[in-house]
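Engineer: my_file_6.cif (mmCIF, C-alpha atoms) pasted underneath:
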data_entry
#
loop_
_atom_site.label_atom_id
_atom_site.label_comp_id
_atom_site.auth_asym_id
_atom_site.auth_seq_id
_atom_site.Cartn_x
_atom_site.Cartn_y
_atom_site.Cartn_z
CA MET A 258 11.38 4.51 -22.31
CA ALA A 259 8.74 1.91 -23.14
CA LEU A 260 9.24 -1.18 -21.02
CA GLU A 261 8.88 -4.61 -22.52
CA LEU A 262 7.00 -7.52 -21.09
CA LEU A 263 9.74 -10.03 -21.65
CA PRO A 264 11.26 -12.28 -19.04
CA PRO A 265 14.55 -10.69 -17.93
CA GLU A 266 17.54 -11.98 -19.89
CA ALA A 267 20.46 -13.23 -17.84
CA ASP A 268 22.91 -12.27 -20.60
CA ASP A 269 21.61 -8.68 -21.00
CA ALA A 270 24.75 -6.60 -21.74
CA ARG A 271 23.14 -3.64 -19.96
CA LEU A 272 23.72 -5.55 -16.70
CA ASP A 273 27.53 -5.73 -17.02
CA ARG A 274 28.27 -2.39 -15.33
CA ILE A 275 25.82 -3.00 -12.50
CA ARG A 276 27.05 -6.55 -11.91
CA LYS A 277 30.57 -5.15 -11.44
CA LEU A 278 29.30 -2.50 -9.02
CA LEU A 279 27.65 -5.27 -6.96
CA VAL A 280 30.80 -7.38 -6.51
CA ASP A 281 31.90 -7.41 -2.83
CA ASP A 282 34.21 -4.46 -2.19
CA ASP A 283 36.60 -4.84 0.77
CA SER A 284 36.41 -1.11 1.50
CA LEU A 285 32.63 -1.48 2.13
CA VAL A 286 32.01 -5.06 3.32
CA GLU A 287 30.97 -5.69 6.94
CA ARG A 288 31.83 -9.07 8.47
CA VAL A 289 29.30 -10.67 10.81
CA GLU A 290 31.00 -11.75 14.07
CA THR A 291 28.07 -12.85 16.24
CA ARG A 292 24.30 -13.18 15.92
CA GLU A 293 21.89 -13.22 18.84
CA ARG A 294 18.16 -13.87 18.55
CA MET A 295 16.25 -11.33 20.66
CA TRP A 296 12.69 -12.29 19.69
CA HIS A 297 11.10 -15.00 17.60
CA CYS A 298 7.53 -15.26 16.30
CA GLY A 299 5.65 -16.86 13.46
CA ILE A 300 6.32 -13.96 11.10
CA TYR A 301 9.91 -12.82 11.74
CA ASP A 302 12.99 -13.08 13.93
CA ALA A 303 14.51 -10.04 15.64
CA GLU A 304 18.30 -10.41 15.92
CA LYS A 305 21.25 -8.36 17.09
CA TRP A 306 24.38 -8.82 15.03
CA MET A 307 27.89 -7.68 15.91
CA VAL A 308 29.85 -6.79 12.78
CA THR A 309 33.35 -5.68 11.95
CA GLN A 310 33.03 -2.52 9.89
CA PRO A 311 35.33 -1.72 6.95
CA ASP A 312 37.38 0.54 9.29
CA GLY A 313 37.99 -2.41 11.66
CA GLN A 314 35.67 -1.04 14.37
CA LEU A 315 32.96 -3.24 15.87
CA GLY A 316 29.36 -2.19 15.16
CA GLU A 317 25.90 -3.36 16.26
CA ARG A 318 23.20 -4.10 13.68
CA ASP A 319 19.53 -4.65 14.56
CA ILE A 320 18.07 -7.04 12.01
CA VAL A 321 14.61 -8.43 11.19
CA LEU A 322 14.66 -11.76 9.34
CA HIS A 323 11.58 -12.63 7.27
CA HIS A 324 10.82 -15.29 4.63
CA GLY A 325 9.46 -12.71 2.19
CA GLY A 326 6.45 -12.80 -0.07
CA ALA A 327 5.19 -12.87 -3.63
CA GLY A 328 2.56 -10.80 -5.42
CA VAL A 329 0.90 -10.60 -8.81
CA CYS A 330 0.11 -7.60 -11.01
CA VAL A 331 -3.05 -8.41 -13.02
CA VAL A 332 -4.31 -5.91 -15.60
CA ARG A 333 -7.50 -6.47 -17.61
CA ASP A 334 -9.19 -3.86 -19.84
CA GLY A 335 -6.94 -1.12 -18.41
CA CYS A 336 -7.82 -1.96 -14.80
CA MET A 337 -5.58 -3.40 -12.07
CA CYS A 338 -6.80 -6.08 -9.71
CA LEU A 339 -6.44 -4.78 -6.15
CA VAL A 340 -7.27 -6.35 -2.83
CA ARG A 341 -8.92 -4.11 -0.28
CA GLN A 342 -7.93 -5.04 3.24
CA TYR A 343 -7.37 -3.60 6.68
CA ARG A 344 -3.72 -3.33 7.74
CA VAL A 345 -3.59 -3.16 11.49
CA ALA A 346 0.11 -2.13 11.48
CA LEU A 347 -0.97 1.03 9.62
CA GLY A 348 -4.31 1.42 11.42
CA ARG A 349 -6.19 1.80 8.16
CA MET A 350 -7.44 0.24 4.94
CA SER A 351 -4.99 -0.56 2.18
CA LEU A 352 -5.24 -1.36 -1.55
CA GLU A 353 -2.66 -3.88 -2.67
CA ILE A 354 -2.00 -6.34 -5.46
CA PRO A 355 -2.87 -9.95 -4.51
CA ALA A 356 0.07 -11.32 -2.53
CA GLY A 357 1.09 -13.43 0.41
CA LYS A 358 3.93 -14.81 2.47
CA ILE A 359 6.30 -17.38 1.02
CA ASP A 360 6.57 -20.64 2.95
CA PRO A 361 10.20 -21.50 3.80
CA GLY A 362 11.80 -22.99 0.69
CA GLU A 363 8.76 -22.36 -1.52
CA ASP A 364 9.16 -21.29 -5.17
CA PRO A 365 8.06 -17.62 -5.31
CA ALA A 366 6.06 -18.21 -8.53
CA VAL A 367 4.15 -21.07 -6.87
CA CYS A 368 3.42 -18.84 -3.88
CA ALA A 369 2.28 -16.00 -6.17
CA ALA A 370 -0.07 -18.27 -8.13
CA ARG A 371 -1.53 -19.75 -4.94
CA GLU A 372 -2.15 -16.37 -3.30
CA LEU A 373 -3.65 -14.98 -6.51
CA THR A 374 -6.18 -17.80 -6.70
CA GLU A 375 -6.95 -17.90 -2.95
CA GLU A 376 -7.59 -14.16 -2.70
CA THR A 377 -9.23 -13.46 -6.07
CA GLY A 378 -10.11 -16.75 -7.80
CA LEU A 379 -7.94 -15.69 -10.74
CA VAL A 380 -5.73 -18.24 -12.49
CA ALA A 381 -2.87 -17.08 -14.75
CA GLU A 382 -1.43 -19.06 -17.67
CA ARG A 383 1.94 -17.37 -17.19
CA LEU A 384 3.61 -15.33 -14.44
CA ILE A 385 6.46 -13.12 -15.69
CA PRO A 386 8.89 -11.70 -13.09
CA ILE A 387 8.74 -7.88 -13.01
CA ALA A 388 10.96 -7.02 -10.08
CA VAL A 389 11.96 -7.90 -6.54
CA SER A 390 11.02 -5.35 -3.89
CA ARG A 391 13.26 -5.38 -0.80
CA SER A 392 11.51 -3.19 1.66
CA ALA A 393 14.22 -1.79 3.85
CA PRO A 394 17.62 -3.47 3.34
CA GLY A 395 19.05 -1.35 6.16
CA PHE A 396 17.43 -3.60 8.73
CA THR A 397 15.55 -6.48 7.11
CA ASN A 398 16.04 -9.14 4.45
CA GLU A 399 12.31 -9.07 3.62
CA ALA A 400 11.75 -9.29 -0.14
CA THR A 401 8.59 -9.47 -2.22
CA ARG A 402 8.81 -11.10 -5.65
CA ILE A 403 6.45 -9.37 -8.09
CA PHE A 404 5.02 -11.09 -11.18
CA TYR A 405 2.90 -9.91 -14.10
CA ALA A 406 0.04 -12.27 -14.99
CA GLU A 407 -0.80 -13.25 -18.56
CA GLY A 408 -3.79 -15.28 -19.76
CA VAL A 409 -5.93 -14.75 -16.68
CA SER A 410 -9.24 -16.59 -16.12
CA GLN A 411 -11.77 -16.36 -13.26
CA HIS A 412 -12.43 -19.23 -10.83
CA PRO A 413 -13.89 -19.28 -7.29
CA ALA A 414 -11.79 -17.56 -4.60
CA ALA A 415 -10.88 -19.30 -1.32
CA PRO A 416 -9.31 -16.83 1.14
CA ASP A 417 -7.75 -18.14 4.35
CA PRO A 418 -10.30 -18.23 7.21
CA ASP A 419 -8.49 -15.39 9.05
CA GLU A 420 -7.99 -13.30 5.91
CA PHE A 421 -10.58 -10.60 5.29
CA VAL A 422 -10.23 -9.16 1.82
CA ASP A 423 -12.36 -7.64 -0.91
CA VAL A 424 -11.31 -7.71 -4.57
CA THR A 425 -11.72 -4.60 -6.72
CA TRP A 426 -10.59 -3.42 -10.19
CA VAL A 427 -9.29 0.13 -10.61
CA PRO A 428 -8.09 1.91 -13.80
CA VAL A 429 -4.27 1.94 -13.94
CA ASP A 430 -4.16 5.74 -14.32
CA GLU A 431 -6.14 6.15 -11.08
CA VAL A 432 -3.76 3.80 -9.27
CA VAL A 433 -0.79 5.82 -10.53
CA ALA A 434 -2.46 9.09 -9.46
CA ALA A 435 -2.98 7.56 -6.00
CA VAL A 436 0.69 6.51 -5.89
CA ARG A 437 1.75 10.09 -6.73
CA ALA A 438 -0.61 11.43 -4.05
CA GLY A 439 0.82 8.98 -1.49
CA ILE A 440 -2.52 7.29 -0.72
CA ILE A 441 -1.50 3.98 -2.30
CA GLU A 442 1.79 3.23 -0.58
CA ASP A 443 2.29 -0.50 -0.53
CA ALA A 444 5.68 -1.05 -2.23
CA LYS A 445 4.70 -4.05 -4.38
CA THR A 446 1.59 -2.17 -5.55
CA VAL A 447 3.53 1.05 -6.28
CA VAL A 448 6.04 -0.94 -8.36
CA SER A 449 3.23 -2.80 -10.18
CA ALA A 450 1.34 0.42 -10.98
CA LEU A 451 4.40 2.17 -12.43
CA PHE A 452 5.26 -0.95 -14.41
CA ALA A 453 1.71 -1.40 -15.74
CA ALA A 454 1.57 2.28 -16.73
CA SER A 455 4.87 2.01 -18.60
CA LEU A 456 3.53 -0.98 -20.57
CA GLY A 457 0.89 1.30 -22.02
CA ASN A 458 -1.96 0.01 -19.89
CA ALA A 459 -3.00 3.53 -18.94
CA MET B 5 1.10 6.66 -20.05
CA ALA B 6 3.69 9.43 -19.71
CA LEU B 7 4.01 10.52 -16.10
CA GLU B 8 4.29 14.16 -15.19
CA LEU B 9 6.72 15.72 -12.78
CA LEU B 10 4.15 17.78 -10.95
CA PRO B 11 3.57 17.77 -7.23
CA PRO B 12 0.54 15.53 -6.57
CA GLU B 13 -2.73 17.46 -6.51
CA ALA B 14 -4.93 16.92 -3.49
CA ASP B 15 -8.07 17.66 -5.53
CA ASP B 16 -7.25 15.26 -8.37
CA ALA B 17 -10.65 13.81 -9.42
CA ARG B 18 -8.92 10.54 -10.33
CA LEU B 19 -8.49 9.95 -6.58
CA ASP B 20 -12.23 9.95 -5.74
CA ARG B 21 -12.85 6.24 -6.36
CA ILE B 22 -9.70 5.18 -4.49
CA ARG B 23 -10.41 7.48 -1.54
CA LYS B 24 -13.82 5.78 -1.17
CA LEU B 25 -12.23 2.33 -1.35
CA LEU B 26 -9.88 3.36 1.49
CA VAL B 27 -12.60 4.44 3.92
CA ASP B 28 -12.76 2.10 6.95
CA ASP B 29 -15.08 -0.82 6.18
CA ASP B 30 -16.60 -2.58 9.22
CA SER B 31 -16.57 -5.91 7.41
CA LEU B 32 -12.76 -5.66 7.14
CA VAL B 33 -11.52 -3.56 10.09
CA GLU B 34 -9.57 -5.21 12.92
CA ARG B 35 -9.70 -3.61 16.36
CA VAL B 36 -6.53 -3.58 18.47
CA GLU B 37 -7.25 -4.90 22.00
CA THR B 38 -3.80 -5.13 23.55
CA ARG B 39 -0.21 -4.35 22.57
CA GLU B 40 2.84 -5.90 24.17
CA ARG B 41 6.41 -4.88 23.43
CA MET B 42 8.55 -8.00 22.95
CA TRP B 43 11.82 -6.35 21.93
CA HIS B 44 13.08 -2.80 21.65
CA CYS B 45 16.20 -1.47 19.94
CA GLY B 46 17.46 1.71 18.37
CA ILE B 47 15.97 0.83 14.97
CA TYR B 48 12.57 -0.76 15.65
CA ASP B 49 10.16 -2.18 18.21
CA ALA B 50 8.86 -5.74 17.98
CA GLU B 51 5.32 -5.97 19.36
CA LYS B 52 2.59 -8.57 19.71
CA TRP B 53 -0.91 -7.20 19.24
CA MET B 54 -4.17 -8.95 20.07
CA VAL B 55 -6.92 -7.89 17.68
CA THR B 56 -10.61 -8.52 17.24
CA GLN B 57 -11.09 -9.68 13.67
CA PRO B 58 -14.12 -8.70 11.58
CA ASP B 59 -15.71 -12.08 12.42
CA GLY B 60 -15.45 -11.32 16.16
CA GLN B 61 -12.65 -13.84 16.76
CA LEU B 62 -9.46 -12.82 18.55
CA GLY B 63 -6.28 -12.89 16.47
CA GLU B 64 -2.57 -12.36 17.14
CA ARG B 65 -0.53 -9.95 15.01
CA ASP B 66 3.27 -9.74 15.09
CA ILE B 67 4.26 -6.17 14.31
CA VAL B 68 7.50 -4.26 13.70
CA LEU B 69 7.28 -0.52 14.39
CA HIS B 70 9.81 1.72 12.62
CA HIS B 71 10.14 5.48 12.10
CA GLY B 72 10.61 5.09 8.34
CA GLY B 73 12.95 6.83 5.98
CA ALA B 74 13.27 9.19 3.05
CA GLY B 75 15.19 8.93 -0.22
CA VAL B 76 15.93 11.02 -3.29
CA CYS B 77 15.87 10.13 -6.98
CA VAL B 78 18.48 12.27 -8.75
CA VAL B 79 18.84 12.04 -12.54
CA ARG B 80 21.46 13.99 -14.50
CA ASP B 81 22.29 13.50 -18.20
CA GLY B 82 20.22 10.29 -18.27
CA CYS B 83 22.05 8.78 -15.28
CA MET B 84 20.72 8.01 -11.79
CA CYS B 85 22.71 8.76 -8.69
CA LEU B 86 23.15 5.50 -6.76
CA VAL B 87 24.92 4.74 -3.52
CA ARG B 88 26.95 1.56 -3.42
CA GLN B 89 26.96 0.03 0.04
CA TYR B 90 27.15 -3.27 1.84
CA ARG B 91 23.87 -4.47 3.39
CA VAL B 92 24.68 -6.95 6.10
CA ALA B 93 21.01 -8.07 6.38
CA LEU B 94 21.30 -9.28 2.76
CA GLY B 95 24.93 -10.41 3.03
CA ARG B 96 25.92 -8.53 -0.09
CA MET B 97 26.45 -5.20 -1.86
CA SER B 98 23.45 -3.08 -2.80
CA LEU B 99 22.85 -0.14 -5.15
CA GLU B 100 20.29 2.31 -3.77
CA ILE B 101 19.18 5.91 -4.16
CA PRO B 102 20.58 8.22 -1.43
CA ALA B 103 18.37 7.77 1.63
CA GLY B 104 18.29 7.51 5.37
CA LYS B 105 16.21 7.05 8.49
CA ILE B 106 13.77 9.74 9.58
CA ASP B 107 14.28 11.05 13.11
CA PRO B 108 11.07 10.89 15.19
CA GLY B 109 8.88 13.83 14.18
CA GLU B 110 11.21 14.99 11.39
CA ASP B 111 9.82 16.39 8.13
CA PRO B 112 10.52 13.70 5.46
CA ALA B 113 11.70 16.34 2.93
CA VAL B 114 14.21 17.71 5.46
CA CYS B 115 15.46 14.17 6.12
CA ALA B 116 15.73 13.49 2.37
CA ALA B 117 17.71 16.70 1.73
CA ARG B 118 20.05 15.98 4.66
CA GLU B 119 20.74 12.39 3.63
CA LEU B 120 21.28 13.42 0.01
CA THR B 121 23.93 15.97 0.99
CA GLU B 122 25.60 13.79 3.64
CA GLU B 123 25.94 10.78 1.35
CA THR B 124 26.63 12.46 -1.99
CA GLY B 125 27.34 16.17 -1.46
CA LEU B 126 24.42 16.98 -3.78
CA VAL B 127 22.07 19.86 -2.95
CA ALA B 128 18.64 20.10 -4.64
CA GLU B 129 16.71 23.32 -5.22
CA ARG B 130 13.45 21.42 -5.07
CA LEU B 131 12.32 17.98 -3.86
CA ILE B 132 9.07 16.77 -5.46
CA PRO B 133 7.24 13.83 -3.79
CA ILE B 134 7.08 10.83 -6.14
CA ALA B 135 5.59 8.14 -3.92
CA VAL B 136 5.60 6.54 -0.50
CA SER B 137 6.92 2.99 -0.35
CA ARG B 138 5.55 0.91 2.53
CA SER B 139 7.66 -2.17 2.58
CA ALA B 140 5.46 -4.86 4.02
CA PRO B 141 2.20 -3.54 5.53
CA GLY B 142 1.34 -7.07 6.66
CA PHE B 143 3.73 -6.77 9.58
CA THR B 144 5.41 -3.34 9.67
CA ASN B 145 4.52 0.34 9.47
CA GLU B 146 7.90 1.12 7.88
CA ALA B 147 7.52 3.67 5.07
CA THR B 148 10.06 5.37 2.84
CA ARG B 149 9.13 8.76 1.35
CA ILE B 150 10.64 9.13 -2.13
CA PHE B 151 11.40 12.51 -3.70
CA TYR B 152 12.61 13.60 -7.15
CA ALA B 153 15.35 16.25 -7.07
CA GLU B 154 15.37 19.28 -9.32
CA GLY B 155 18.14 21.89 -9.70
CA VAL B 156 20.93 19.75 -8.26
CA SER B 157 24.41 21.13 -7.56
CA GLN B 158 27.54 19.41 -6.21
CA HIS B 159 29.03 20.19 -2.77
CA PRO B 160 31.32 18.15 -0.47
CA ALA B 161 29.83 14.97 0.99
CA ALA B 162 29.94 14.19 4.73
CA PRO B 163 28.79 10.63 5.41
CA ASP B 164 28.22 9.50 9.01
CA PRO B 165 31.40 8.04 10.55
CA ASP B 166 29.86 4.53 10.62
CA GLU B 167 28.41 4.79 7.12
CA PHE B 168 30.53 3.31 4.34
CA VAL B 169 29.18 4.30 0.95
CA ASP B 170 30.42 5.01 -2.56
CA VAL B 171 28.49 7.22 -4.97
CA THR B 172 28.07 6.19 -8.62
CA TRP B 173 26.01 7.31 -11.65
CA VAL B 174 24.34 4.68 -13.83
CA PRO B 175 22.23 5.17 -16.99
CA VAL B 176 18.52 4.88 -16.17
CA ASP B 177 17.96 2.14 -18.77
CA GLU B 178 20.64 0.00 -17.12
CA VAL B 179 19.03 0.50 -13.71
CA VAL B 180 15.66 -0.57 -15.16
CA ALA B 181 17.25 -3.63 -16.80
CA ALA B 182 18.77 -4.53 -13.40
CA VAL B 183 15.35 -4.11 -11.77
CA ARG B 184 13.79 -6.47 -14.34
CA ALA B 185 16.62 -8.97 -13.76
CA GLY B 186 16.09 -8.78 -9.99
CA ILE B 187 19.66 -7.64 -9.22
CA ILE B 188 18.59 -4.17 -8.07
CA GLU B 189 15.90 -4.94 -5.50
CA ASP B 190 15.75 -2.09 -3.02
CA ALA B 191 12.11 -0.91 -3.11
CA LYS B 192 12.80 2.85 -3.09
CA THR B 193 15.33 2.37 -5.90
CA VAL B 194 12.99 0.16 -7.95
CA VAL B 195 10.23 2.77 -7.64
CA SER B 196 12.64 5.59 -8.55
CA ALA B 197 13.99 3.74 -11.61
CA LEU B 198 10.50 3.01 -13.01
CA PHE B 199 9.47 6.60 -12.33
CA ALA B 200 12.59 8.09 -13.94
CA ALA B 201 12.15 5.84 -16.99
CA SER B 202 8.53 6.93 -17.37
CA LEU B 203 9.60 10.58 -17.33
CA GLY B 204 11.58 9.93 -20.49
CA ASN B 205 14.98 9.89 -18.80
CA ALA B 206 15.93 6.67 -20.56
#
As a first step, turn the structure in this file into structure tokens.

Structural biologist:
Amino acid sequence: MALELLPPEADDARLDRIRKLLVDDDSLVERVETRERMWHCGIYDAEKWMVTQPDGQLGERDIVLHHGGAGVCVVRDGCMCLVRQYRVALGRMSLEIPAGKIDPGEDPAVCAARELTEETGLVAERLIPIAVSRSAPGFTNEATRIFYAEGVSQHPAAPDPDEFVDVTWVPVDEVVAAVRAGIIEDAKTVVSALFAASLGNA
Amino acid sequence: MALELLPPEADDARLDRIRKLLVDDDSLVERVETRERMWHCGIYDAEKWMVTQPDGQLGERDIVLHHGGAGVCVVRDGCMCLVRQYRVALGRMSLEIPAGKIDPGEDPAVCAARELTEETGLVAERLIPIAVSRSAPGFTNEATRIFYAEGVSQHPAAPDPDEFVDVTWVPVDEVVAAVRAGIIEDAKTVVSALFAASLGNA
């Protein structure tokens, strides 16, 4: 199936079945009874929730609350713009699309445009939503909004003082090969690579 | 680009450039000085790490450590197998590929096969790695290993007693439309849908 680079249509009839499947179902819904904050920091909150399960039993849920992020897939001449950075949580280097954390209440597209320009100096005429990537809905509400950039031009970059990044351009087919080999793993970058490949960029 | 359903090749020459870009770079590497556990639960550890940044300054990093998970993309007659469940961290229903948490030290493919059978009763002859999805490498090491199932047959399901799920089959093109519309957001499911579509399943 060739994907199309159109903004998603709210009235797409293909969504009817899935919308129905996503309506709250009493046989599956858990009700939150209490929430307790166990740890708070600048990046996330760790909470313990007591819930009533669909069978009426009480259950404990360990939750991480996070404001989420936004990232941008930029493809030019068959190459994807990737940011090379060290990820201390993984203990190694990582290649990822330009992205950053959303400030509370911030429009994801505004965040995406800001991070794109700060990290790479690129400015896009238009950012088209590709997908939302929720990392691990079993324990966190973290979500990254992913956009596809059109009409990109180069300006000076201005990374945050404590952000150490290096911008590189890699052919889309190499990024996809690295996704298949499991050496590019970042979810927003995996999604962007598969999307870019399906657009015929590789 | 049409993707191929082959196991990733370790000697793929298309990986050379990316492997070099992923070698530790002193101008980007952060060194961990101290780690302090701030909160521990059955699902994750919340830690505060002090690091030496590439510029020699000390920095604080708020980290969530998690054992990760594994999931399976199953496509039959153009339809994807999805599990309908309530995600309390999101406060709503979610449609996701069959998946679950990896036990410490467990082989991801073994975990994927077990979760597939428990949740859906499906048994696969072969599980081919598609991709690894690291949710948010900025703050967590959480990773979900995603497999594509071949030679699937139906057996009885046996979900965990505290797991409330409902199995459904949805045409791949509808899943992709829901990804584009941002109503299917789970990262492992987004990756699986784009991959399945690129294989010509939709």

Engineer: I need the output of the PyMOL selection byres ((chain A) within 7 of (chain B)) for this file as a ChimeraX atom specification; which residues are they?

Structural biologist: /A:258,265-266,271-272,279-281,285-287,295-296,300,319-320,342-347,349-351,387-398,421-422,431,434-439,442-444,448,451-452,454-455,457,459

Engineer: Box for region 134-142 of chain B: with edges along x, y and z, all listed atoms inside and 6 Å added on each side, what are the centre and edge lengths in Å to one decimal, as AutoDock Vina command-line options?

Structural biologist:
--center_x 4.5 --center_y 1.9 --center_z 0.3 --size_x 18.3 --size_y 29.9 --size_z 24.8

Engineer: I need the output of the PyMOL selection byres ((chain B and resi 119) around 9) for this file as JSON, numbers by chain; which residues are they?

Structural biologist: {"B": [74, 75, 76, 102, 103, 104, 105, 114, 115, 116, 117, 118, 120, 121, 122, 123, 124, 163]}

Engineer: My list of candidates is A:Leu339, A:Cys330, A:Met307, A:Ala406. Which is closest to Trp426 (chain A) when distances are computed with all atoms listed in the file?

Structural biologist: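 Once distances to Trp426 (chain A) are computed over all atoms listed in the file, the minimum belongs to A:Leu339.
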
Engineer: Using CA of Glu317 (chain A) and CA of His70 (chain B) as the two end points, give the distance in Å to one decimal.

Structural biologist: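 Computing the Euclidean distance for CA of Glu317 (chain A) and CA of His70 (chain B) yields 17.3 Å.
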
Engineer: For a test of reading the model, state the distance in Å between CA of His412 (chain A) and CA of Arg333 (chain A), rounded to one decimal.

Structural biologist: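 Interatomic distance, CA of His412 (chain A) to CA of Arg333 (chain A): 15.3 Å.
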
Engineer: Calculate how many Å separate CA of Arg383 (chain A) from CA of Glu407 (chain A), rounding to one decimal.

Structural biologist: 5.1 Å

Engineer: Would you mind putting N, CA and C atoms back on region 393-414 of chain A and writing the result as a compact mmCIF listing (two decimals), in the frame of the given file?

Structural biologist:
# COMPACT_ATOMS: atom_id res chain seq x y z
N ALA A 393 13.36 -2.68 3.08
CA ALA A 393 14.22 -1.79 3.85
C ALA A 393 15.51 -2.54 4.17
N PRO A 394 16.42 -2.63 3.18
CA PRO A 394 17.62 -3.47 3.34
C PRO A 394 18.51 -3.01 4.47
N GLY A 395 18.27 -1.80 5.03
CA GLY A 395 19.05 -1.35 6.16
C GLY A 395 18.83 -2.18 7.40
N PHE A 396 17.66 -2.82 7.52
CA PHE A 396 17.43 -3.60 8.73
C PHE A 396 16.72 -4.93 8.50
N THR A 397 16.23 -5.19 7.29
CA THR A 397 15.55 -6.48 7.11
C THR A 397 15.86 -7.09 5.75
N ASN A 398 15.84 -8.42 5.71
CA ASN A 398 16.04 -9.14 4.45
C ASN A 398 14.71 -9.39 3.73
N GLU A 399 13.62 -8.84 4.24
CA GLU A 399 12.31 -9.07 3.62
C GLU A 399 12.34 -8.69 2.15
N ALA A 400 11.81 -9.56 1.30
CA ALA A 400 11.75 -9.29 -0.14
C ALA A 400 10.41 -9.79 -0.67
N THR A 401 9.81 -9.02 -1.55
CA THR A 401 8.59 -9.47 -2.22
C THR A 401 8.88 -9.63 -3.70
N ARG A 402 8.64 -10.83 -4.21
CA ARG A 402 8.81 -11.10 -5.65
C ARG A 402 7.53 -10.70 -6.36
N ILE A 403 7.64 -9.86 -7.39
CA ILE A 403 6.45 -9.37 -8.09
C ILE A 403 6.40 -9.95 -9.50
N PHE A 404 5.23 -10.48 -9.86
CA PHE A 404 5.02 -11.09 -11.18
C PHE A 404 3.92 -10.36 -11.92
N TYR A 405 3.96 -10.45 -13.24
CA TYR A 405 2.90 -9.91 -14.10
C TYR A 405 2.16 -11.11 -14.69
N ALA A 406 0.84 -11.11 -14.57
CA ALA A 406 0.04 -12.27 -14.99
C ALA A 406 -0.40 -12.12 -16.45
N GLU A 407 -0.26 -13.20 -17.20
CA GLU A 407 -0.80 -13.25 -18.56
C GLU A 407 -1.80 -14.40 -18.66
N GLY A 408 -2.82 -14.21 -19.51
CA GLY A 408 -3.79 -15.28 -19.76
C GLY A 408 -4.61 -15.60 -18.52
N VAL A 409 -5.25 -14.60 -17.97
CA VAL A 409 -5.93 -14.75 -16.68
C VAL A 409 -7.38 -15.20 -16.88
N SER A 410 -7.82 -16.18 -16.10
CA SER A 410 -9.24 -16.59 -16.12
C SER A 410 -9.79 -16.63 -14.70
N GLN A 411 -11.11 -16.49 -14.58
CA GLN A 411 -11.77 -16.36 -13.26
C GLN A 411 -12.28 -17.72 -12.76
N HIS A 412 -11.96 -18.02 -11.52
CA HIS A 412 -12.43 -19.23 -10.83
C HIS A 412 -12.88 -18.81 -9.43
N PRO A 413 -13.47 -19.72 -8.64
CA PRO A 413 -13.89 -19.28 -7.29
C PRO A 413 -12.69 -18.96 -6.40
N ALA A 414 -12.83 -17.93 -5.56
CA ALA A 414 -11.79 -17.56 -4.60
C ALA A 414 -11.93 -18.43 -3.35
